[in-house]
Amino acid sequence: MATREQRLISSRIEATDDDIALFVARLDKFLGSNLRRLLKDLETGKASAVQAASILGSLQSALEQAGLTDELQQIRRMYHKQLDRVAQGFSEVADPDAIFSRADNKWLEQMINFDEGLIANKVYQVTDSLSSTLMRQVITGARFDTNALVDDFGGTLANQITAEMNTATSGFYRSVTQAKAKELDVEYFVYVGPLDGITRPFCKSRVNKIYTRAQIAKWDNGTKLPADVYGGGYNCRHDLVPMSKERAEQRVKEGVYSWG
């Protein structure tokens, strides 16, 4: 039977995956329809090379005018859900309704802004790549299928955004958890998450084990990403759940978890 901590993280991962899938699908639909509209003259040959350069050079601003900024606001909603789950994780050691103070709002919003900018930049990078490809084809007079190119663009972007969002949201959740644990003087955490055929060796050796904050601070996952925030590395599916000392000792005594 799954423990409270395992259910908490399983629920967080499943809900986050659903939110990301919905965000990516909505973003793909928005970009697909607007790019086809903005690029229609290129495929028909109505646009000269100079006109094509103007169209492709202004894609970013054209997409923003069409509502891209509003689409990216969905990221903010996802991140506020992560904050709710952080509060749930501390429910044993603190009042969830009082876990975040007014003083927290500034740095939390700044973190969200950074990640929102990260995803926006990823969209612009892939859009620039599409623009470069199209410009070369316009210059050489090659025939091309705008729909096929936009579909390929959407598939590439969807995969990249999904991976980025998985890593970013989990990193946000873990970094906020670590910050609040230090503030609340919480010392114990259990490492939970899936244990399957794609679990990294780093995670496999730690799943269902309890560690102190001092132990976690010394971890090295073999990547440039800090293990206390990114677990086993890029796109990690595991989390550290805070526990009281009493609950940690009880869980070990019950044989549910072991000491790390």
# chains A, B, ... in the order shown; residues from 1 in each chain; ligands from 1
call {"tool": "closest_atom_pairs", "arguments": {"of": "stretch 126-222 of chain A", "to": "stretch 237-244 of chain A", "cutoff": "6 Å", "atoms": "only C-alpha atoms", "output": "Markdown table"}}
result
| residue | atom | partner | partner_atom | distance |
| --- | --- | --- | --- | --- |
| A:Tyr188 | CA | A:Met243 | CA | 5.3 |
| A:Phe189 | CA | A:Pro242 | CA | 4.4 |
| A:Val190 | CA | A:Val241 | CA | 5.3 |
| A:Tyr191 | CA | A:Leu240 | CA | 4.7 |
| A:Val192 | CA | A:Asp239 | CA | 5.6 |
| A:Gly193 | CA | A:His238 | CA | 4.4 |
call {"tool": "select_by_dssp", "arguments": {"residues": "stretch 38-256 of chain A", "states": "helix (DSSP H, G or I)", "output": "number ranges by chain"}}
result
A: 38-44, 49-57, 59-66, 68-89, 96-98, 104-140, 146-184, 201-204, 213-217, 227-230, 245-253
call {"tool": "atom_distance", "arguments": {"atom1": "atom CA of A:Ile75", "atom2": "atom CA of A:Ile55"}}
result
27.9 Å
call {"tool": "select_by_dssp", "arguments": {"residues": "stretch 85-208 of chain A", "states": "strand (DSSP E)", "output": "CSV table (one decimal) with N, CA and C atoms, in the first residue's frame"}}
result
chain,number,residue,atom,x,y,z
A,188,TYR,N,14.6,16.2,7.9
A,188,TYR,CA,14.5,14.9,7.4
A,188,TYR,C,13.6,14.9,6.1
A,189,PHE,N,14.1,14.1,5.1
A,189,PHE,CA,13.4,13.9,3.9
A,189,PHE,C,13.4,12.5,3.4
A,190,VAL,N,12.3,12.1,2.7
A,190,VAL,CA,12.3,10.7,2.1
A,190,VAL,C,12.3,10.9,0.6
A,191,TYR,N,13.1,10.1,-0.1
A,191,TYR,CA,13.3,10.2,-1.5
A,191,TYR,C,12.3,9.3,-2.1
A,192,VAL,N,11.3,9.8,-2.8
A,192,VAL,CA,10.2,8.9,-3.3
A,192,VAL,C,10.0,9.2,-4.8
call {"tool": "atom_distance", "arguments": {"atom1": "atom CA of A:Val256", "atom2": "atom CA of A:Ser10"}}
result
16.6 Å
call {"tool": "closest_residue", "arguments": {"among": "A:Lys106, A:Arg37, A:Arg26, A:Lys46", "to": "A:Leu68", "atoms": "only C-alpha atoms"}}
result
A:Arg26
call {"tool": "residues_around", "arguments": {"residues": "A:Ile112", "least_positions_apart": "3", "cutoff": "8 Å", "atoms": "only C-alpha atoms", "output": "list in words"}}
result
Arg76, Tyr79, Leu108, Glu109, Asp115 and Glu116 of chain A
call {"tool": "decode", "arguments": {"residues": "stretch 146-160 of chain A", "atoms": "C-alpha atoms", "output": "compact mmCIF listing (two decimals), in the first residue's frame"}}
result
# COMPACT_ATOMS: atom_id res chain seq x y z
CA THR A 146 3.99 25.13 -45.25
CA ASN A 147 1.61 22.77 -43.46
CA ALA A 148 4.22 19.99 -43.35
CA LEU A 149 6.92 22.37 -42.12
CA VAL A 150 4.65 23.82 -39.44
CA ASP A 151 3.66 20.31 -38.34
CA ASP A 152 7.33 19.33 -38.05
CA PHE A 153 7.97 22.54 -36.14
CA GLY A 154 5.12 21.73 -33.76
CA GLY A 155 6.39 18.22 -33.09
CA THR A 156 9.92 19.43 -32.40
CA LEU A 157 8.72 22.21 -30.13
CA ALA A 158 6.28 19.97 -28.25
CA ASN A 159 9.03 17.49 -27.37
CA GLN A 160 11.41 20.24 -26.27
